[in-house]
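Structure file run28.txt (compact mmCIF, C-alpha atoms) follows.
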```
# COMPACT_ATOMS: atom_id res chain seq x y z
CA MET X 1 0.00 0.00 0.00
CA MET X 2 1.35 3.41 -0.97
CA ASN X 3 1.39 6.32 1.47
CA PHE X 4 0.97 9.81 -0.01
CA HIS X 5 1.37 13.10 1.80
CA VAL X 6 1.86 16.84 1.13
CA ILE X 7 5.29 18.45 1.58
CA PHE X 8 6.16 22.13 1.88
CA LEU X 9 9.42 23.43 0.42
CA ASN X 10 11.05 26.60 1.70
CA THR X 11 11.42 28.14 -1.74
CA ALA X 12 10.17 27.48 -5.25
CA VAL X 13 12.81 26.27 -7.73
CA ASN X 14 12.64 26.95 -11.48
CA GLY X 15 8.98 27.87 -11.41
CA HIS X 16 7.87 24.75 -9.52
CA SER X 17 5.28 24.95 -6.77
CA PRO X 18 6.69 24.96 -3.22
CA ILE X 19 3.82 22.64 -2.26
CA GLN X 20 4.04 19.12 -3.67
CA VAL X 21 2.36 15.72 -3.24
CA VAL X 22 4.81 12.83 -2.87
CA GLU X 23 4.81 9.13 -2.02
CA GLN X 24 6.36 8.81 1.43
CA THR X 25 8.18 5.50 1.01
CA THR X 26 10.02 6.31 -2.21
CA GLY X 27 9.99 10.10 -1.94
CA SER X 28 8.90 10.38 -5.56
CA GLY X 29 6.36 13.02 -6.52
CA VAL X 30 2.94 12.34 -7.99
CA GLY X 31 3.66 13.78 -11.42
CA TRP X 32 0.19 14.64 -12.69
CA ILE X 33 -0.73 16.42 -9.46
CA ASN X 34 2.51 18.33 -9.15
CA ARG X 35 2.37 19.48 -12.76
CA TYR X 36 -1.05 20.95 -12.07
CA LEU X 37 0.22 22.66 -8.90
CA ASP X 38 3.18 24.02 -10.90
CA ARG X 39 0.78 25.49 -13.44
CA GLU X 40 -1.29 27.16 -10.76
CA TYR X 41 1.87 28.47 -9.08
CA VAL X 42 3.06 30.02 -12.35
CA ARG X 43 -0.38 31.62 -12.62
CA ARG X 44 0.54 33.28 -9.29
CA LEU X 45 -2.06 31.68 -7.10
CA ALA X 46 -1.48 32.25 -3.41
CA ASN X 47 0.22 29.52 -1.39
CA LYS X 48 -2.95 29.19 0.68
CA SER X 49 -4.89 28.24 -2.46
CA LEU X 50 -2.14 25.85 -3.57
CA ARG X 51 -2.29 24.20 -0.16
CA ILE X 52 -6.05 23.66 -0.46
CA TYR X 53 -5.64 22.21 -3.97
CA ALA X 54 -2.85 19.91 -2.80
CA TYR X 55 -4.88 18.44 0.08
CA ASN X 56 -7.96 17.99 -2.11
CA LEU X 57 -5.88 16.15 -4.71
CA LEU X 58 -4.17 14.16 -1.95
CA HIS X 59 -7.58 12.83 -0.93
CA PHE X 60 -8.32 11.91 -4.56
CA VAL X 61 -5.02 10.11 -5.18
CA ARG X 62 -5.44 8.09 -1.98
CA TRP X 63 -8.83 6.92 -3.24
CA TRP X 64 -7.39 6.26 -6.70
CA GLU X 65 -4.58 4.15 -5.23
CA SER X 66 -7.06 2.10 -3.18
CA VAL X 67 -8.85 1.18 -6.42
CA HIS X 68 -5.99 0.98 -8.96
CA HIS X 69 -3.05 0.26 -6.62
CA THR X 70 -1.01 3.12 -8.09
CA GLY X 71 -0.92 6.88 -7.85
CA ASP X 72 -0.23 7.31 -11.55
CA ILE X 73 -3.05 7.89 -14.03
CA THR X 74 -3.11 7.06 -17.71
CA GLU X 75 -5.74 8.25 -20.16
CA ALA X 76 -6.85 4.63 -20.70
CA ASP X 77 -7.72 4.38 -16.99
CA LEU X 78 -10.20 7.27 -17.16
CA THR X 79 -13.85 6.61 -17.90
CA GLU X 80 -16.96 8.75 -18.07
CA SER X 81 -17.83 7.70 -14.51
CA THR X 82 -14.45 8.24 -12.82
CA LEU X 83 -15.51 11.31 -10.87
CA LEU X 84 -18.96 9.85 -10.18
CA ASP X 85 -17.27 6.83 -8.56
CA TYR X 86 -15.18 9.24 -6.49
CA LEU X 87 -18.33 11.14 -5.46
CA ARG X 88 -20.01 7.89 -4.36
CA PHE X 89 -16.93 6.95 -2.34
CA GLN X 90 -17.01 10.26 -0.46
CA SER X 91 -20.76 10.00 0.15
CA SER X 92 -20.24 6.59 1.78
CA GLN X 93 -17.57 7.81 4.20
CA GLN X 94 -18.31 8.18 7.91
CA PRO X 95 -18.43 10.88 9.03
CA GLN X 96 -19.63 12.12 5.66
CA PRO X 97 -17.81 15.18 4.25
CA SER X 98 -19.83 18.34 3.78
CA ALA X 99 -21.37 19.01 0.38
CA SER X 100 -18.99 21.93 -0.27
CA THR X 101 -15.98 19.73 0.56
CA ILE X 102 -17.15 17.04 -1.86
CA ASN X 103 -17.75 19.60 -4.62
CA ASN X 104 -14.37 21.28 -4.12
CA ARG X 105 -12.52 17.97 -4.22
CA ILE X 106 -14.31 16.90 -7.41
CA ALA X 107 -13.70 20.26 -9.10
CA ASP X 108 -9.98 20.23 -8.25
CA ALA X 109 -9.58 16.63 -9.41
CA ASP X 110 -11.42 17.43 -12.65
CA ARG X 111 -9.18 20.43 -13.39
CA ALA X 112 -5.98 18.52 -12.59
CA ILE X 113 -7.00 15.60 -14.80
CA ARG X 114 -8.00 17.97 -17.62
CA ASN X 115 -4.62 19.67 -17.30
CA GLU X 116 -2.87 16.32 -17.76
CA PHE X 117 -5.28 14.71 -20.24
CA PRO X 118 -7.19 17.37 -22.22
CA ASP X 119 -8.66 14.69 -24.53
CA ALA X 120 -9.87 12.39 -21.73
CA PRO X 121 -13.52 11.23 -21.81
CA CYS X 122 -16.03 13.80 -20.60
CA GLN X 123 -17.47 13.06 -17.19
CA ILE X 124 -21.13 12.18 -17.72
CA ALA X 125 -23.40 11.27 -14.80
CA ARG X 126 -27.11 11.03 -15.52
CA GLY X 127 -29.13 13.13 -13.11
CA PHE X 128 -26.16 15.29 -12.11
CA HIS X 129 -25.57 17.29 -15.28
CA GLN X 130 -27.94 19.82 -16.80
CA SER X 131 -27.57 21.94 -19.91
CA PHE X 132 -28.12 25.68 -19.69
CA LEU X 133 -27.61 28.81 -21.75
CA GLN X 134 -24.52 30.75 -20.72
CA ARG X 135 -24.66 34.43 -21.54
CA LYS X 136 -21.74 36.80 -21.87
CA PRO X 137 -21.46 39.93 -19.70
CA MET X 138 -23.84 42.75 -20.69
CA GLY X 139 -25.75 40.27 -22.87
CA LEU X 140 -23.33 40.67 -25.79
CA ASP X 141 -23.24 37.99 -28.48
CA ARG X 142 -25.43 34.92 -28.58
CA PRO X 143 -25.64 32.66 -25.51
CA ARG X 144 -23.96 29.29 -25.86
CA VAL X 145 -25.09 25.93 -24.52
CA ALA X 146 -23.05 24.83 -21.50
CA MET X 147 -23.17 21.80 -19.20
CA SER X 148 -23.27 22.03 -15.43
CA ARG X 149 -20.49 20.41 -13.42
CA LEU X 150 -20.73 17.19 -11.44
CA ARG X 151 -21.67 18.29 -7.95
CA VAL X 152 -23.96 17.53 -5.04
CA ARG X 153 -26.55 19.91 -3.66
CA GLU X 154 -25.19 22.33 -1.09
CA PRO X 155 -27.48 23.71 1.64
CA LYS X 156 -28.04 27.43 1.43
CA LEU X 157 -25.60 29.30 3.67
CA ASN X 158 -27.53 31.77 5.79
CA ILE X 159 -25.25 33.85 8.02
CA VAL X 160 -27.15 36.17 10.33
CA PRO X 161 -25.31 39.43 11.11
CA LEU X 162 -24.66 40.44 14.71
CA SER X 163 -27.27 42.60 16.39
CA VAL X 164 -26.53 46.11 17.68
CA ASP X 165 -26.57 44.80 21.26
CA GLU X 166 -24.18 41.94 20.47
CA VAL X 167 -21.73 44.30 18.75
CA ALA X 168 -21.90 46.74 21.68
CA ARG X 169 -21.28 44.01 24.26
CA PHE X 170 -18.37 42.53 22.32
CA TRP X 171 -16.88 45.98 21.66
CA ARG X 172 -16.98 46.99 25.35
CA SER X 173 -14.92 43.96 26.33
CA PHE X 174 -11.76 45.34 24.64
CA HIS X 175 -9.49 47.71 26.54
CA ASN X 176 -6.54 48.49 24.27
CA ALA X 177 -6.29 50.33 20.95
CA ARG X 178 -4.70 47.43 19.06
CA ASP X 179 -7.63 45.07 19.62
CA LEU X 180 -10.20 47.82 19.09
CA ALA X 181 -8.50 48.79 15.81
CA ILE X 182 -8.58 45.16 14.62
CA VAL X 183 -12.29 44.80 15.39
CA GLY X 184 -12.98 48.25 13.91
CA LEU X 185 -11.33 47.33 10.60
CA MET X 186 -13.55 44.26 10.38
CA LEU X 187 -16.77 45.88 11.55
CA MET X 188 -16.54 49.32 9.89
CA HIS X 189 -14.53 48.35 6.80
CA GLY X 190 -15.35 44.67 6.20
CA LEU X 191 -11.74 43.45 6.07
CA ARG X 192 -10.98 39.75 6.11
CA ALA X 193 -8.89 38.43 9.01
CA ALA X 194 -5.98 37.68 6.64
CA GLU X 195 -6.16 41.21 5.23
CA VAL X 196 -6.00 42.75 8.71
CA LEU X 197 -3.01 40.62 9.71
CA ALA X 198 -1.17 41.40 6.44
CA LEU X 199 -1.28 45.17 6.99
CA ASN X 200 1.95 47.13 7.44
CA PRO X 201 2.24 50.67 8.87
CA GLU X 202 2.86 52.15 5.41
CA ASP X 203 -0.52 50.74 4.29
CA VAL X 204 -2.31 53.08 6.70
CA LEU X 205 -2.45 56.59 5.21
CA LEU X 206 -3.79 58.45 8.23
CA SER X 207 -3.34 61.94 6.78
CA GLU X 208 -5.45 60.96 3.77
CA ALA X 209 -7.88 58.78 5.76
CA GLN X 210 -7.16 55.88 3.41
CA LEU X 211 -6.18 52.25 3.81
CA ARG X 212 -4.25 50.14 1.31
CA VAL X 213 -5.47 46.54 1.51
CA HIS X 214 -3.77 43.50 0.00
CA GLY X 215 -6.66 41.16 -0.82
CA LYS X 216 -7.03 37.70 -2.26
CA GLY X 217 -4.87 36.83 -5.24
CA GLY X 218 -2.51 39.72 -4.52
CA LYS X 219 -5.14 42.26 -5.56
CA MET X 220 -4.70 45.66 -3.95
CA ARG X 221 -7.49 48.10 -3.22
CA PHE X 222 -7.79 51.44 -1.45
CA MET X 223 -10.48 51.99 1.13
CA PRO X 224 -11.62 55.08 3.05
CA LEU X 225 -10.87 55.07 6.76
CA ALA X 226 -13.64 56.00 9.18
CA PRO X 227 -12.67 58.76 11.69
CA GLU X 228 -13.13 56.32 14.60
CA THR X 229 -10.81 53.75 13.05
CA THR X 230 -8.27 56.43 12.16
CA GLN X 231 -8.18 57.54 15.79
CA LEU X 232 -7.78 53.99 17.11
CA VAL X 233 -4.97 53.12 14.68
CA ASP X 234 -3.19 56.41 15.40
CA HIS X 235 -3.48 55.81 19.14
CA TYR X 236 -2.09 52.30 18.75
CA LEU X 237 0.84 53.44 16.59
CA ARG X 238 1.83 56.29 18.91
CA LEU X 239 1.27 54.75 22.33
CA GLU X 240 0.97 50.95 22.23
CA ARG X 241 2.94 49.46 19.34
CA PRO X 242 6.25 48.06 20.67
CA ASN X 243 9.53 49.57 19.55
CA PRO X 244 11.49 47.92 18.00
CA CYS X 245 9.23 45.44 16.25
CA SER X 246 8.67 43.78 12.89
CA ALA X 247 7.36 45.50 9.77
CA ALA X 248 3.79 44.39 10.60
CA LEU X 249 1.10 46.79 11.72
CA PHE X 250 -0.47 44.49 14.31
CA VAL X 251 2.09 42.66 16.43
CA VAL X 252 2.20 40.60 19.61
CA MET X 253 2.21 42.90 22.64
CA LYS X 254 3.61 40.64 25.36
CA GLY X 255 5.78 37.59 25.96
CA PRO X 256 8.77 36.18 24.07
CA ALA X 257 7.08 36.87 20.70
CA ARG X 258 6.65 40.59 21.51
CA GLY X 259 7.01 42.72 18.38
CA ILE X 260 6.39 39.83 15.93
CA ARG X 261 3.51 39.93 13.46
CA MET X 262 0.28 38.67 14.98
CA THR X 263 -0.71 35.24 13.64
CA TYR X 264 -4.11 33.89 12.69
CA ALA X 265 -3.92 31.50 15.64
CA GLY X 266 -3.35 34.49 17.93
CA LEU X 267 -6.34 36.29 16.41
CA ARG X 268 -8.55 33.24 16.91
CA SER X 269 -7.42 33.01 20.52
CA LEU X 270 -8.23 36.70 21.05
CA PHE X 271 -11.76 36.32 19.69
CA ARG X 272 -12.29 33.07 21.61
CA HIS X 273 -11.41 34.80 24.89
CA HIS X 274 -13.79 37.70 24.27
CA ARG X 275 -16.60 35.40 23.11
CA SER X 276 -16.29 33.56 26.41
CA SER X 277 -16.24 36.74 28.52
CA THR X 278 -19.16 38.42 26.73
CA GLY X 279 -21.35 35.45 25.85
CA VAL X 280 -21.58 36.57 22.21
CA GLN X 281 -20.89 33.12 20.78
CA LEU X 282 -21.43 34.16 17.15
CA ALA X 283 -18.72 36.84 17.21
CA ASN X 284 -15.95 35.79 14.83
CA PRO X 285 -13.93 37.74 12.24
CA HIS X 286 -16.05 36.68 9.27
CA ARG X 287 -19.27 37.44 11.14
CA PHE X 288 -18.08 41.04 11.54
CA ARG X 289 -17.39 41.19 7.80
CA HIS X 290 -20.92 39.98 7.11
CA THR X 291 -22.34 42.49 9.60
CA PHE X 292 -20.49 45.27 7.78
CA ALA X 293 -21.98 44.22 4.42
CA SER X 294 -25.50 44.06 5.87
CA ASP X 295 -25.13 47.48 7.49
CA MET X 296 -23.93 49.05 4.25
CA VAL X 297 -26.84 47.62 2.26
CA ARG X 298 -29.35 48.84 4.84
CA ALA X 299 -27.75 52.27 4.70
CA GLY X 300 -28.47 52.41 0.96
CA MET X 301 -25.04 51.62 -0.52
CA SER X 302 -25.19 50.24 -4.06
CA LEU X 303 -24.01 46.68 -4.66
CA PRO X 304 -21.23 47.71 -7.13
CA ALA X 305 -19.76 50.06 -4.51
CA LEU X 306 -20.04 47.39 -1.82
CA MET X 307 -18.37 44.90 -4.15
CA GLN X 308 -15.35 47.20 -4.42
CA LEU X 309 -15.16 47.71 -0.66
CA MET X 310 -15.39 43.98 0.01
CA GLY X 311 -12.73 43.15 -2.58
CA HIS X 312 -14.94 40.79 -4.59
CA ALA X 313 -14.22 39.99 -8.23
CA ASN X 314 -17.85 39.02 -8.91
CA ILE X 315 -20.99 40.77 -7.72
CA GLU X 316 -22.64 37.38 -7.15
CA THR X 317 -20.20 36.85 -4.29
CA THR X 318 -21.34 40.13 -2.75
CA LEU X 319 -24.96 39.01 -2.95
CA ARG X 320 -24.18 36.08 -0.64
CA TYR X 321 -23.52 38.54 2.15
CA VAL X 322 -26.82 40.33 1.67
CA GLN X 323 -29.54 38.74 3.77
CA VAL X 324 -32.99 40.34 3.73
CA THR X 325 -34.79 39.85 7.05
CA ALA X 326 -38.52 40.16 7.71
CA GLN X 327 -37.85 43.51 9.40
CA ASP X 328 -36.03 44.76 6.30
CA VAL X 329 -39.00 43.78 4.13
CA TYR X 330 -41.42 45.58 6.45
CA LEU X 331 -39.34 48.78 6.57
CA GLU X 332 -38.91 48.84 2.79
CA TYR X 333 -42.62 48.27 2.29
CA ALA X 334 -43.53 51.05 4.75
CA ARG X 335 -41.13 53.44 3.03
CA ALA X 336 -42.53 52.61 -0.42
CA VAL X 337 -46.12 52.98 0.74
CA ALA X 338 -45.39 56.36 2.30
CA GLN X 339 -43.74 57.69 -0.87
CA CYS X 340 -45.39 56.09 -3.85
CA VAL X 341 -48.83 54.65 -3.10
CA ARG X 342 -51.69 56.80 -4.32
CA PRO X 343 -54.57 57.63 -1.99
CA VAL X 344 -57.59 55.38 -2.23
CA PRO X 345 -60.28 57.14 -4.33
CA ARG X 346 -63.59 57.82 -2.66
CA GLY X 347 -66.58 55.85 -3.78
CA ALA X 348 -69.22 57.51 -5.93
CA SER X 349 -72.08 58.97 -3.86
```
Reformat the file's structure so that it appears as structure tokens.
Amino acid sequence: MMNFHVIFLNTAVNGHSPIQVVEQTTGSGVGWINRYLDREYVRRLANKSLRIYAYNLLHFVRWWESVHHTGDITEADLTESTLLDYLRFQSSQQPQPSASTINNRIADADRAIRNEFPDAPCQIARGFHQSFLQRKPMGLDRPRVAMSRLRVREPKLNIVPLSVDEVARFWRSFHNARDLAIVGLMLMHGLRAAEVLALNPEDVLLSEAQLRVHGKGGKMRFMPLAPETTQLVDHYLRLERPNPCSAALFVVMKGPARGIRMTYAGLRSLFRHHRSSTGVQLANPHRFRHTFASDMVRAGMSLPALMQLMGHANIETTLRYVQVTAQDVYLEYARAVAQCVRPVPRGAS
């Protein structure tokens, strides 16, 4: 039996991905997987994305080896039902993976196999694929017939934003400018946790009330800074940030790691402590990002503007953060009735 695992190299060599899948006994790489990871690395995907792809493909190659007794794939081994067989295997596992995990694994395996064997048989699974008309942006040109991917049904993700009381309780539990600035950047600017931790002092343009954010895929965007956040960051930089310290904006304040960039594990620990002390169990970094998006929509911000603030490449992603509650429907209806509904005409006497 072969034993596959993911390895992490310190540096990339000659355009090869620093994340590889190898067979542990022989130390040899799984060629078709690593060639796909190399391609994605050359396309400048982030190491975090490469890591996710590697572990998804690791799961696939372990299943493939259990069936074919090898990690190598030839085009003759592939059939129209290869990915359907893999889907059935995952659905029979206990505990069963989530629907999104199954879909991501199948999509990554499909792309990697297509990269290696572009002429391999199309994956056809009756009942899973549906044809649809795919239109180009702005409705230009004629729509073309496309086929949906092999995937299982995912339950609708419904994230409820924090209430005003929950935000106030969580906010009052912080007592230093660093932590307040971190929460403020998430709540009043919608930054992701990774974006907050990646900030450097030169990214904060206090005199111009602007923030330079390094988002997913290395995309950079400028955001306006709220006066409250500007004050908190300025207070932290002048009075709390250790000196000397690393080039990071938010660093560890105490202990042997003092002055080193704050890690995601440290941020999780910070939020876990304050969730316990306040009882606001739903307070996490992404929940604050969702609360920001909901607040902006309720304040009347257009979706294209919100898309830019959130750093989304597609407006459909922004729509996932917009949840319309029953109260929102009632308020919108009351506003529309007050402004647009004509008075009821009197009956003829």
So the first atom is atom CA of Ser173 of chain X and the second is atom CA of Ala299 of chain X; what is the distance between them in Å, to one decimal place? 26.5 Å
Counting only C-alpha atoms, what is within 12 Å of Gly27 of chain X, bar same-chain residues fewer than 2 positions away, as an MDAnalysis selection string? chainID X and resid 2:7 20:25 29:31
Top pick for closest residue to Gly184 of chain X, considering X:Met220, X:Ala198, X:Phe292, X:Tyr264 and counting all atoms listed in the file: X:Phe292
Box dimensions and centre (Å, one decimal) enclosing segment 261-270 of chain X, axis-aligned, 4 Å extra per side, as lines of an AutoDock Vina configuration file:
```
center_x = -2.5
center_y = 35.7
center_z = 16.9
size_x = 20.1
size_y = 16.4
size_z = 16.4
```
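Of the listed residues (X:Leu185, X:Ile260, X:Ala12, X:Leu319), X:Ala12 comes nearest to Val42 of chain X; the distances count only C-alpha atoms.
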To one decimal place in Å, what is the distance between atom CA of Asn200 of chain X and atom CA of Phe250 of chain X?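 That distance, rounded to one decimal, is 7.7 Å.
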Between atom CA of Arg35 of chain X and atom CA of Leu50 of chain X, what is the distance, to one decimal in Å? 12.1 Å
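The protein and nucleic acid residues lying at most 9 Å from Arg272 of chain X are Gln281, Ala283 and Asn284 of chain X, with only C-alpha atoms considered and sequence neighbours fewer than 6 positions away removed.
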Tell me which of X:Leu205, X:Ala177, X:Leu157, X:Ala99 sits closest to Met253 of chain X, counting all atoms listed in the file.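 The shortest atom-to-atom distance to Met253 of chain X comes from X:Ala177.
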I want to know what sits within 9 Å of Pro242 of chain X, based on all atoms listed in the file, with residues of the same chain fewer than 2 positions away left out; could you give that as number ranges by chain? X: 237, 239-240, 244-245, 251-253, 258-259
Using only C-alpha atoms, which of X:Ile315, X:Ala76, X:Trp32, X:Phe271 sits nearest Phe174 of chain X? X:Phe271
Nearest to Arg62 of chain X among X:Met1, X:Leu150, X:Leu180, X:Leu199, with distances taken over all atoms listed in the file: which residue is it?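 Using all atoms listed in the file, Arg62 of chain X sits closest to X:Met1.
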